[in-house]
file structure_31.txt (compact mmCIF, C-alpha atoms and all ligand atoms)
# COMPACT_ATOMS: atom_id res chain seq x y z
CA MET A 1 48.70 14.01 48.00
CA VAL A 2 49.33 17.71 47.89
CA TYR A 3 52.93 18.71 47.60
CA SER A 4 54.98 21.65 46.48
CA LYS A 5 57.41 21.43 43.63
CA PRO A 6 60.32 21.06 43.48
CA ALA A 7 60.89 19.76 47.01
CA ILE A 8 58.31 18.25 49.33
CA GLY A 9 58.73 18.32 53.10
CA THR A 10 60.57 15.13 53.98
CA SER A 11 59.53 14.93 57.65
CA GLN A 12 56.27 13.64 59.08
CA CYS A 13 53.98 16.41 60.32
CA THR A 14 51.35 16.99 62.98
CA ILE A 15 49.46 20.10 64.07
CA ASN A 16 51.07 22.69 66.35
CA GLU A 17 48.14 23.04 68.77
CA SER A 18 44.77 21.36 69.39
CA ILE A 19 41.71 22.36 67.38
CA HIS A 20 38.16 22.21 68.82
CA TYR A 21 34.95 22.57 66.86
CA VAL A 22 31.27 21.72 66.94
CA GLY A 23 29.03 20.77 64.02
CA VAL A 24 26.17 18.57 62.86
CA GLY A 25 26.35 15.02 61.49
CA LEU A 26 25.01 14.95 57.92
CA HIS A 27 23.15 11.66 58.38
CA SER A 28 22.53 11.51 62.14
CA GLY A 29 21.55 15.18 62.52
CA HIS A 30 23.32 15.04 65.92
CA LYS A 31 25.31 17.95 67.29
CA VAL A 32 28.91 16.71 67.52
CA SER A 33 31.99 18.02 69.34
CA MET A 34 35.41 17.25 67.93
CA SER A 35 38.96 17.92 69.03
CA LEU A 36 42.05 17.38 66.88
CA HIS A 37 45.25 16.89 68.88
CA PRO A 38 48.94 16.62 67.89
CA ALA A 39 50.12 12.98 67.82
CA THR A 40 53.56 11.38 68.01
CA PRO A 41 55.54 10.40 64.86
CA ASN A 42 54.48 7.12 63.17
CA SER A 43 51.14 7.08 65.00
CA GLY A 44 49.13 7.99 61.87
CA ILE A 45 45.60 9.35 62.02
CA PHE A 46 43.25 7.78 64.57
CA PHE A 47 39.84 8.44 66.09
CA VAL A 48 38.92 8.13 69.76
CA ARG A 49 35.17 7.92 70.50
CA LYS A 50 34.59 9.75 73.80
CA ASP A 51 31.04 8.41 74.14
CA VAL A 52 31.96 4.69 74.38
CA GLN A 53 33.97 2.76 76.96
CA SER A 54 37.63 3.69 76.61
CA ASP A 55 39.00 0.22 75.70
CA HIS A 56 36.61 0.09 72.70
CA ALA A 57 37.06 3.69 71.59
CA PHE A 58 40.13 3.54 69.30
CA ILE A 59 39.63 3.42 65.50
CA ARG A 60 42.60 3.74 63.16
CA ALA A 61 42.07 5.62 59.87
CA SER A 62 43.05 2.75 57.57
CA TRP A 63 41.62 1.21 54.38
CA ARG A 64 41.55 -2.09 56.30
CA ASN A 65 38.96 -0.67 58.72
CA VAL A 66 36.38 0.48 56.15
CA VAL A 67 33.13 -1.29 57.10
CA ASP A 68 30.52 0.57 55.02
CA THR A 69 30.62 2.75 51.89
CA ARG A 70 26.97 3.11 50.87
CA LEU A 71 26.49 6.85 51.50
CA CYS A 72 29.81 7.86 53.02
CA THR A 73 32.97 6.13 54.23
CA VAL A 74 32.52 4.40 57.60
CA LEU A 75 35.41 3.05 59.69
CA GLY A 76 34.97 0.46 62.42
CA ASN A 77 37.03 -1.49 64.95
CA GLU A 78 36.93 -5.08 66.24
CA HIS A 79 34.40 -4.07 68.92
CA GLY A 80 31.85 -2.93 66.33
CA VAL A 81 32.40 0.75 67.22
CA THR A 82 32.19 2.93 64.10
CA ILE A 83 32.84 6.46 62.89
CA SER A 84 31.15 7.67 59.69
CA THR A 85 31.58 10.40 57.06
CA VAL A 86 35.34 10.54 57.61
CA GLU A 87 36.26 11.37 54.01
CA HIS A 88 36.18 15.20 54.07
CA LEU A 89 38.21 15.45 57.27
CA LEU A 90 40.77 12.97 55.91
CA ALA A 91 40.99 14.90 52.62
CA ALA A 92 41.67 18.13 54.54
CA LEU A 93 44.40 16.42 56.60
CA ARG A 94 46.04 14.90 53.54
CA GLY A 95 45.70 18.18 51.67
CA CYS A 96 47.42 20.06 54.50
CA GLY A 97 50.16 17.42 54.86
CA VAL A 98 49.17 16.18 58.35
CA ASP A 99 50.48 12.63 58.94
CA ASN A 100 49.89 12.10 62.66
CA LEU A 101 46.76 13.18 64.54
CA MET A 102 44.43 12.10 67.34
CA ILE A 103 40.77 12.94 66.70
CA GLU A 104 38.49 12.90 69.74
CA ILE A 105 34.76 12.83 68.98
CA ASN A 106 31.65 12.43 71.14
CA SER A 107 29.43 10.80 68.49
CA ASP A 108 29.53 8.32 65.61
CA GLU A 109 29.65 10.80 62.73
CA VAL A 110 32.14 13.52 61.76
CA PRO A 111 30.39 16.92 61.45
CA ILE A 112 29.62 18.00 57.89
CA LEU A 113 30.40 21.75 58.40
CA ASP A 114 29.61 23.47 55.07
CA GLY A 115 29.88 20.21 53.05
CA SER A 116 33.40 21.04 51.84
CA CYS A 117 36.94 20.99 53.29
CA ALA A 118 37.39 24.76 53.33
CA PRO A 119 36.51 25.38 57.04
CA LEU A 120 38.77 22.49 58.10
CA VAL A 121 41.69 23.72 56.02
CA LYS A 122 41.29 27.15 57.62
CA LEU A 123 41.32 25.65 61.15
CA ILE A 124 44.33 23.40 60.40
CA LYS A 125 46.33 26.26 58.88
CA LYS A 126 45.46 28.50 61.84
CA ALA A 127 46.71 25.83 64.29
CA GLY A 128 49.84 25.33 62.13
CA VAL A 129 51.35 22.18 60.59
CA VAL A 130 54.74 21.32 62.10
CA PRO A 131 57.46 18.85 61.00
CA GLN A 132 58.44 16.14 63.49
CA ARG A 133 62.02 15.29 62.38
CA VAL A 134 61.09 11.71 61.49
CA PRO A 135 61.22 10.62 57.81
CA ARG A 136 58.00 10.62 55.86
CA TYR A 137 57.24 7.83 53.38
CA GLY A 138 55.12 7.69 50.25
CA ILE A 139 53.69 4.93 48.05
CA TRP A 140 55.16 5.12 44.56
CA ILE A 141 52.99 3.41 41.92
CA GLU A 142 55.13 1.04 39.81
CA ARG A 143 52.54 -0.48 37.47
CA PRO A 144 48.85 0.02 36.67
CA VAL A 145 46.22 -1.31 39.08
CA GLU A 146 42.56 -1.39 38.07
CA VAL A 147 39.18 -2.12 39.65
CA LYS A 148 35.79 -2.29 37.99
CA GLN A 149 32.29 -2.31 39.51
CA GLY A 150 29.63 -2.46 36.78
CA GLU A 151 30.11 0.66 34.67
CA ARG A 152 32.34 2.31 37.30
CA TYR A 153 36.11 1.82 37.16
CA SER A 154 39.32 3.26 38.58
CA ILE A 155 42.91 2.91 37.42
CA LEU A 156 46.07 3.93 39.25
CA THR A 157 49.05 4.38 36.93
CA PRO A 158 52.65 5.48 37.49
CA SER A 159 53.11 9.25 37.39
CA ALA A 160 55.87 11.47 38.72
CA VAL A 161 53.26 14.13 39.51
CA PRO A 162 50.47 13.17 41.93
CA ARG A 163 47.40 13.55 39.71
CA ILE A 164 43.67 12.76 39.82
CA THR A 165 41.21 12.64 36.93
CA VAL A 166 37.50 12.09 37.53
CA ASP A 167 34.90 11.56 34.92
CA ILE A 168 31.26 11.79 36.05
CA GLU A 169 27.97 11.38 34.22
CA PHE A 170 24.61 12.26 35.74
CA ALA A 171 21.22 12.25 34.03
CA ASN A 172 20.45 15.52 35.84
CA ALA A 173 21.15 18.40 33.42
CA ALA A 174 22.60 20.66 36.15
CA ILE A 175 25.47 18.17 36.52
CA GLY A 176 25.59 16.27 33.21
CA SER A 177 29.04 15.01 32.14
CA GLN A 178 32.11 16.54 33.76
CA CYS A 179 35.74 15.46 33.42
CA LEU A 180 38.48 17.17 35.36
CA THR A 181 42.19 16.52 35.92
CA ILE A 182 44.07 18.12 38.81
CA ASP A 183 47.78 17.97 39.62
CA LEU A 184 48.00 17.93 43.41
CA ILE A 185 50.90 20.32 43.77
CA ASP A 186 51.46 23.74 45.30
CA ASP A 187 48.19 25.14 46.74
CA VAL A 188 45.90 23.42 44.20
CA PHE A 189 44.11 21.43 46.92
CA GLU A 190 43.36 24.48 49.03
CA THR A 191 42.21 26.75 46.21
CA GLU A 192 40.66 24.39 43.64
CA ILE A 193 39.35 21.37 45.57
CA ALA A 194 38.81 22.14 49.28
CA PRO A 195 35.90 24.60 48.72
CA ALA A 196 33.86 22.14 46.59
CA ARG A 197 30.74 21.02 48.50
CA THR A 198 29.00 17.69 48.63
CA PHE A 199 25.73 17.46 46.70
CA GLY A 200 22.40 15.67 46.80
CA PHE A 201 19.19 15.32 44.86
CA ALA A 202 15.87 16.72 46.07
CA SER A 203 14.16 13.62 44.64
CA GLU A 204 16.21 11.34 46.93
CA LEU A 205 16.11 13.50 50.06
CA GLU A 206 12.67 12.44 51.25
CA GLN A 207 13.49 8.76 50.77
CA LEU A 208 16.76 9.14 52.74
CA ARG A 209 14.97 10.94 55.57
CA GLU A 210 12.37 8.17 55.78
CA GLN A 211 15.31 5.81 56.36
CA GLY A 212 16.63 8.10 59.10
CA LEU A 213 19.46 9.41 56.88
CA ALA A 214 20.50 12.91 55.73
CA LEU A 215 18.77 14.27 58.86
CA GLY A 216 21.41 16.99 59.24
CA GLY A 217 21.46 17.79 55.51
CA SER A 218 20.46 21.27 54.36
CA MET A 219 21.50 23.84 51.81
CA ARG A 220 23.90 25.15 54.45
CA ASN A 221 26.02 22.01 54.05
CA ALA A 222 25.29 20.64 50.56
CA VAL A 223 24.42 21.66 47.03
CA LEU A 224 20.82 20.59 46.45
CA VAL A 225 19.88 19.71 42.88
CA ASP A 226 16.41 19.19 41.41
CA ASP A 227 15.06 18.81 37.87
CA ASP A 228 15.30 22.56 37.29
CA GLY A 229 18.92 22.83 38.42
CA VAL A 230 20.76 23.99 41.54
CA VAL A 231 18.28 24.94 44.28
CA ASN A 232 20.73 26.80 46.58
CA PRO A 233 20.11 30.54 46.15
CA GLU A 234 23.85 31.29 46.24
CA GLY A 235 24.46 28.92 43.28
CA LEU A 236 27.73 27.03 42.73
CA ARG A 237 31.25 27.89 43.90
CA PHE A 238 32.70 26.49 40.63
CA SER A 239 30.83 25.60 37.41
CA ASP A 240 32.23 22.06 37.84
CA GLU A 241 31.87 21.93 41.64
CA PHE A 242 30.41 18.39 41.38
CA ALA A 243 33.54 16.94 39.70
CA ARG A 244 35.75 18.84 42.14
CA HIS A 245 33.89 17.39 45.10
CA LYS A 246 34.35 13.89 43.65
CA ILE A 247 38.12 14.59 43.54
CA LEU A 248 37.91 15.74 47.17
CA ASP A 249 36.18 12.46 48.12
CA CYS A 250 38.86 10.46 46.23
CA ILE A 251 41.63 12.29 48.14
CA GLY A 252 39.88 11.57 51.46
CA ASP A 253 39.29 7.89 50.68
CA LEU A 254 42.83 7.38 49.34
CA ALA A 255 44.19 9.07 52.48
CA LEU A 256 43.27 5.74 54.12
CA ALA A 257 46.36 4.27 52.41
CA ASP A 258 49.22 3.91 54.88
CA ALA A 259 51.11 6.79 53.23
CA PRO A 260 50.52 9.38 50.49
CA ILE A 261 50.16 7.82 47.02
CA PHE A 262 52.30 9.03 44.09
CA GLY A 263 50.58 8.10 40.87
CA HIS A 264 47.75 9.11 38.56
CA LEU A 265 44.26 8.06 39.65
CA TYR A 266 41.75 7.95 36.80
CA SER A 267 38.25 7.28 38.05
CA HIS A 268 35.11 6.90 35.93
CA LYS A 269 32.04 7.49 38.12
CA PRO A 270 34.00 7.33 41.38
CA GLY A 271 32.41 6.39 44.68
CA HIS A 272 33.47 5.41 48.18
CA ARG A 273 33.09 1.66 47.50
CA LEU A 274 35.19 1.88 44.32
CA ASN A 275 37.89 3.93 46.11
CA ASN A 276 38.21 1.36 48.89
CA ALA A 277 38.25 -1.52 46.39
CA LEU A 278 41.14 0.20 44.58
CA LEU A 279 43.22 0.40 47.77
CA ARG A 280 42.48 -3.26 48.55
CA GLU A 281 43.56 -4.22 45.02
CA LEU A 282 46.71 -2.07 45.25
CA PHE A 283 47.87 -3.49 48.58
CA ALA A 284 47.09 -7.06 47.48
CA HIS A 285 49.81 -6.68 44.81
CA GLN A 286 53.21 -6.02 46.35
CA ASP A 287 54.78 -5.58 42.89
CA ALA A 288 52.48 -2.65 42.03
CA TRP A 289 54.06 -0.16 44.44
CA THR A 290 57.16 0.71 46.43
CA ARG A 291 57.36 2.43 49.79
CA LEU A 292 59.88 5.25 49.38
CA SER A 293 61.23 8.00 51.59
CA PHE A 294 60.25 11.50 50.53
CA ASP A 295 63.95 12.20 49.83
CA GLU A 296 63.82 9.50 47.15
CA ILE A 297 60.40 10.70 45.91
CA ASN A 298 61.77 14.23 45.52
CA ARG A 299 64.71 12.84 43.53
CA ARG A 300 62.38 10.86 41.24
CA MET A 301 60.05 13.84 40.74
CA ALA A 302 62.98 16.13 39.90
CA ARG A 303 64.40 13.50 37.47
CA ALA A 304 61.00 13.12 35.75
CA GLU A 305 60.72 16.87 35.47
CA SER A 306 64.15 17.24 33.85
CA ASP A 307 63.34 14.28 31.52
CA SER A 308 60.14 16.01 30.39
CA ASP A 309 62.09 19.26 29.91
CA SER A 310 64.63 17.48 27.70
CA GLN A 311 61.83 15.74 25.76
CA LEU A 312 60.30 19.15 25.17
CA LYS A 313 63.66 20.47 23.93
CA THR A 314 63.94 17.47 21.56
CA VAL A 315 60.49 18.21 20.15
CA VAL A 316 61.39 21.87 19.72
CA SER A 317 64.65 21.03 17.91
CA MET A 318 62.89 18.48 15.65
CA ASN A 319 60.42 21.13 14.62
CA ARG A 320 63.12 23.54 13.44
ZN ZN B 1 31.96 14.02 49.89

call {"tool": "encode", "arguments": {"input": "structure_31.txt", "output": "structure tokens", "more": "lines below"}}
Ligand SMILES: [Zn+2]
result
Amino acid sequence: MVYSKPAIGTSQCTINESIHYVGVGLHSGHKVSMSLHPATPNSGIFFVRKDVQSDHAFIRASWRNVVDTRLCTVLGNEHGVTISTVEHLLAALRGCGVDNLMIEINSDEVPILDGSCAPLVKLIKKAGVVPQRVPRYGIWIERPVEVKQGERYSILTPSAVPRITVDIEFANAAIGSQCLTIDLIDDVFETEIAPARTFGFASELEQLREQGLALGGSMRNAVLVDDDGVVNPEGLRFSDEFARHKILDCIGDLALADAPIFGHLYSHKPGHRLNNALLRELFAHQDAWTRLSFDEINRRMARAESDSDSQLKTVVSMNR
């Protein structure tokens, strides 16, 4: 959902050359090798597990294939083969405008890298993002869609500018209450969101490890918080890094929609389960959205911009 004003690239994109990297799974602690390869137009984003038999290895990155959301977003196929912690990689791909990609991986968890999208964005930009001369489509929000889970809720509303607001509240004083709105245009994703790291609580770490989780977690790939504040000696990358990372997670989870979403997401206490529920609610209501070519989206964005300019002029003239 990251686009440049006034015109957004209207062709689907893939990467120019393959990318290879090695990292550690946050939960499994396993060393993982990954390769990202260019893919043909209309193929979307898909994973291929190299460590399982080849006819069971294919997993499409789709909201329909989300099988678990307790600690991260997990995708699975009809053979029970899964791939977990996909959200940061998907956010980086959406943020860089990659529509079609094959991801080969030799394990069941995407490497965590430094806990943010920044290293991935750097690799993708180095490989290059290339248009494929096939029209790109987006999902234009036509009316509000809402989901609620206890005190958490998310609303998608029509907006000519792709926008995300998150509102978080944590008892821990180092985080507290943070509310942030970002317009996903120009290089906002790369500069303001991609560097924000995932975070965890020292009090929960031991419990997770006893359950065989967070085995690869360390201060090299997460912000660790305890009762006294941020434990990492280097401190935070942004004073509101926590809210920014929640926006990053929302972008990654919403990248599981079949095309980029054009609307305003407002999320109170967002989480992976809530994000997936919102997509399920959206796609259950055909009247809530329209699939449009990016040519048409550009026209609508330009029209909305000139409308807001003329509204501004009206306000200025009324004030004279
Ligand atoms: Zn995350």

call {"tool": "residues_near_ligand", "arguments": {"input": "structure_31.txt", "ligand": "ligand ZN 1 (chain B)", "cutoff": "8 Å", "atoms": "all atoms listed in the file", "output": "PyMOL selection string"}}
result
chain A and resi 72+87-88+115-116+197-199+245-246+248-249

call {"tool": "residues_around", "arguments": {"input": "structure_31.txt", "residues": "segment 127-143 of chain A", "least_positions_apart": "5", "cutoff": "9 Å", "atoms": "all atoms listed in the file", "output": "MDAnalysis selection string"}}
result
chainID A and resid 9:19 40:42 96:99 122 156:160 257:264 282 287:295 297

call {"tool": "write_last_selection", "arguments": {"input": "structure_31.txt", "atoms": "C-alpha atoms", "output": "PDB file, keeping the file's coordinate frame"}}
result
ATOM      1  CA  GLY A   9      58.730  18.320  53.100  1.00  0.00           C
ATOM      2  CA  THR A  10      60.570  15.130  53.980  1.00  0.00           C
ATOM      3  CA  SER A  11      59.530  14.930  57.650  1.00  0.00           C
ATOM      4  CA  GLN A  12      56.270  13.640  59.080  1.00  0.00           C
ATOM      5  CA  CYS A  13      53.980  16.410  60.320  1.00  0.00           C
ATOM      6  CA  THR A  14      51.350  16.990  62.980  1.00  0.00           C
ATOM      7  CA  ILE A  15      49.460  20.100  64.070  1.00  0.00           C
ATOM      8  CA  ASN A  16      51.070  22.690  66.350  1.00  0.00           C
ATOM      9  CA  GLU A  17      48.140  23.040  68.770  1.00  0.00           C
ATOM     10  CA  SER A  18      44.770  21.360  69.390  1.00  0.00           C
ATOM     11  CA  ILE A  19      41.710  22.360  67.380  1.00  0.00           C
ATOM     12  CA  THR A  40      53.560  11.380  68.010  1.00  0.00           C
ATOM     13  CA  PRO A  41      55.540  10.400  64.860  1.00  0.00           C
ATOM     14  CA  ASN A  42      54.480   7.120  63.170  1.00  0.00           C
ATOM     15  CA  CYS A  96      47.420  20.060  54.500  1.00  0.00           C
ATOM     16  CA  GLY A  97      50.160  17.420  54.860  1.00  0.00           C
ATOM     17  CA  VAL A  98      49.170  16.180  58.350  1.00  0.00           C
ATOM     18  CA  ASP A  99      50.480  12.630  58.940  1.00  0.00           C
ATOM     19  CA  LYS A 122      41.290  27.150  57.620  1.00  0.00           C
ATOM     20  CA  LEU A 156      46.070   3.930  39.250  1.00  0.00           C
ATOM     21  CA  THR A 157      49.050   4.380  36.930  1.00  0.00           C
ATOM     22  CA  PRO A 158      52.650   5.480  37.490  1.00  0.00           C
ATOM     23  CA  SER A 159      53.110   9.250  37.390  1.00  0.00           C
ATOM     24  CA  ALA A 160      55.870  11.470  38.720  1.00  0.00           C
ATOM     25  CA  ALA A 257      46.360   4.270  52.410  1.00  0.00           C
ATOM     26  CA  ASP A 258      49.220   3.910  54.880  1.00  0.00           C
ATOM     27  CA  ALA A 259      51.110   6.790  53.230  1.00  0.00           C
ATOM     28  CA  PRO A 260      50.520   9.380  50.490  1.00  0.00           C
ATOM     29  CA  ILE A 261      50.160   7.820  47.020  1.00  0.00           C
ATOM     30  CA  PHE A 262      52.300   9.030  44.090  1.00  0.00           C
ATOM     31  CA  GLY A 263      50.580   8.100  40.870  1.00  0.00           C
ATOM     32  CA  HIS A 264      47.750   9.110  38.560  1.00  0.00           C
ATOM     33  CA  LEU A 282      46.710  -2.070  45.250  1.00  0.00           C
ATOM     34  CA  ASP A 287      54.780  -5.580  42.890  1.00  0.00           C
ATOM     35  CA  ALA A 288      52.480  -2.650  42.030  1.00  0.00           C
ATOM     36  CA  TRP A 289      54.060  -0.160  44.440  1.00  0.00           C
ATOM     37  CA  THR A 290      57.160   0.710  46.430  1.00  0.00           C
ATOM     38  CA  ARG A 291      57.360   2.430  49.790  1.00  0.00           C
ATOM     39  CA  LEU A 292      59.880   5.250  49.380  1.00  0.00           C
ATOM     40  CA  SER A 293      61.230   8.000  51.590  1.00  0.00           C
ATOM     41  CA  PHE A 294      60.250  11.500  50.530  1.00  0.00           C
ATOM     42  CA  ASP A 295      63.950  12.200  49.830  1.00  0.00           C
ATOM     43  CA  ILE A 297      60.400  10.700  45.910  1.00  0.00           C
TER      44      ILE A 297
END

call {"tool": "closest_residue", "arguments": {"input": "structure_31.txt", "among": "A:Glu204, A:Asp167, A:Glu146, A:Asp240", "to": "Asp226 of chain A", "atoms": "only C-alpha atoms"}}
result
A:Glu204

call {"tool": "atom_distance", "arguments": {"input": "structure_31.txt", "atom1": "atom CA of Ala92 of chain A", "atom2": "atom CA of Asp253 of chain A"}}
result
11.2 Å

call {"tool": "atom_distance", "arguments": {"input": "structure_31.txt", "atom1": "atom CA of Val81 of chain A", "atom2": "atom CA of His56 of chain A"}}
result
6.9 Å

call {"tool": "atom_distance", "arguments": {"input": "structure_31.txt", "atom1": "atom CA of Thr85 of chain A", "atom2": "atom CA of Asp227 of chain A"}}
result
26.7 Å

call {"tool": "closest_residue", "arguments": {"input": "structure_31.txt", "among": "A:Leu75, A:Cys179, A:Met301, A:Leu213", "to": "Phe47 of chain A", "atoms": "all atoms listed in the file"}}
result
A:Leu75

call {"tool": "closest_residue", "arguments": {"input": "structure_31.txt", "among": "A:Lys125, A:His27, A:Arg70, A:Arg152", "to": "Gln211 of chain A", "atoms": "only C-alpha atoms"}}
result
A:His27

call {"tool": "closest_residue", "arguments": {"input": "structure_31.txt", "among": "A:Arg209, A:Lys126, A:Lys31, A:Arg64", "to": "Arg280 of chain A", "atoms": "only C-alpha atoms"}}
result
A:Arg64

call {"tool": "residues_around", "arguments": {"input": "structure_31.txt", "residues": "Ile103 of chain A", "least_positions_apart": "5", "cutoff": "10 Å", "atoms": "all atoms listed in the file", "output": "PyMOL selection string"}}
result
chain A and resi 18-20+34-39+45-50+58-59+110

call {"tool": "decode", "arguments": {"input": "structure_31.txt", "residues": "segment 245-261 of chain A", "atoms": "N, CA and C atoms", "output": "short mmCIF file (atom, residue, chain, number, x, y, z; two decimals), in the first residue's frame"}}
result
data_model
loop_
_atom_site.label_atom_id
_atom_site.label_comp_id
_atom_site.auth_asym_id
_atom_site.auth_seq_id
_atom_site.Cartn_x
_atom_site.Cartn_y
_atom_site.Cartn_z
N HIS A 245 5.86 -0.41 14.49
CA HIS A 245 5.94 -1.84 14.16
C HIS A 245 4.55 -2.45 13.99
N LYS A 246 3.59 -1.97 14.78
CA LYS A 246 2.21 -2.47 14.62
C LYS A 246 1.67 -2.12 13.23
N ILE A 247 2.02 -0.92 12.74
CA ILE A 247 1.62 -0.53 11.37
C ILE A 247 2.29 -1.47 10.36
N LEU A 248 3.57 -1.76 10.59
CA LEU A 248 4.30 -2.69 9.71
C LEU A 248 3.58 -4.05 9.67
N ASP A 249 3.20 -4.56 10.85
CA ASP A 249 2.49 -5.85 10.89
C ASP A 249 1.15 -5.77 10.14
N CYS A 250 0.45 -4.64 10.29
CA CYS A 250 -0.84 -4.48 9.58
C CYS A 250 -0.61 -4.50 8.06
N ILE A 251 0.45 -3.83 7.59
CA ILE A 251 0.73 -3.81 6.15
C ILE A 251 1.02 -5.24 5.67
N GLY A 252 1.81 -5.98 6.45
CA GLY A 252 2.16 -7.36 6.07
C GLY A 252 0.94 -8.25 6.05
N ASP A 253 0.09 -8.14 7.07
CA ASP A 253 -1.10 -9.01 7.12
C ASP A 253 -2.11 -8.62 6.03
N LEU A 254 -2.26 -7.31 5.77
CA LEU A 254 -3.20 -6.89 4.72
C LEU A 254 -2.64 -7.15 3.32
N ALA A 255 -1.34 -7.39 3.23
CA ALA A 255 -0.76 -7.78 1.93
C ALA A 255 -1.26 -9.16 1.50
N LEU A 256 -1.94 -9.87 2.42
CA LEU A 256 -2.54 -11.16 2.06
C LEU A 256 -3.86 -11.00 1.32
N ALA A 257 -4.34 -9.74 1.17
CA ALA A 257 -5.47 -9.47 0.28
C ALA A 257 -4.99 -9.78 -1.14
N ASP A 258 -5.91 -9.99 -2.06
CA ASP A 258 -5.50 -10.39 -3.40
C ASP A 258 -4.85 -9.25 -4.19
N ALA A 259 -4.99 -8.02 -3.69
CA ALA A 259 -4.40 -6.86 -4.36
C ALA A 259 -4.25 -5.76 -3.31
N PRO A 260 -3.45 -4.73 -3.59
CA PRO A 260 -3.30 -3.64 -2.62
C PRO A 260 -4.64 -2.98 -2.27
N ILE A 261 -4.81 -2.64 -1.00
CA ILE A 261 -6.07 -2.06 -0.53
C ILE A 261 -5.96 -0.53 -0.50
#
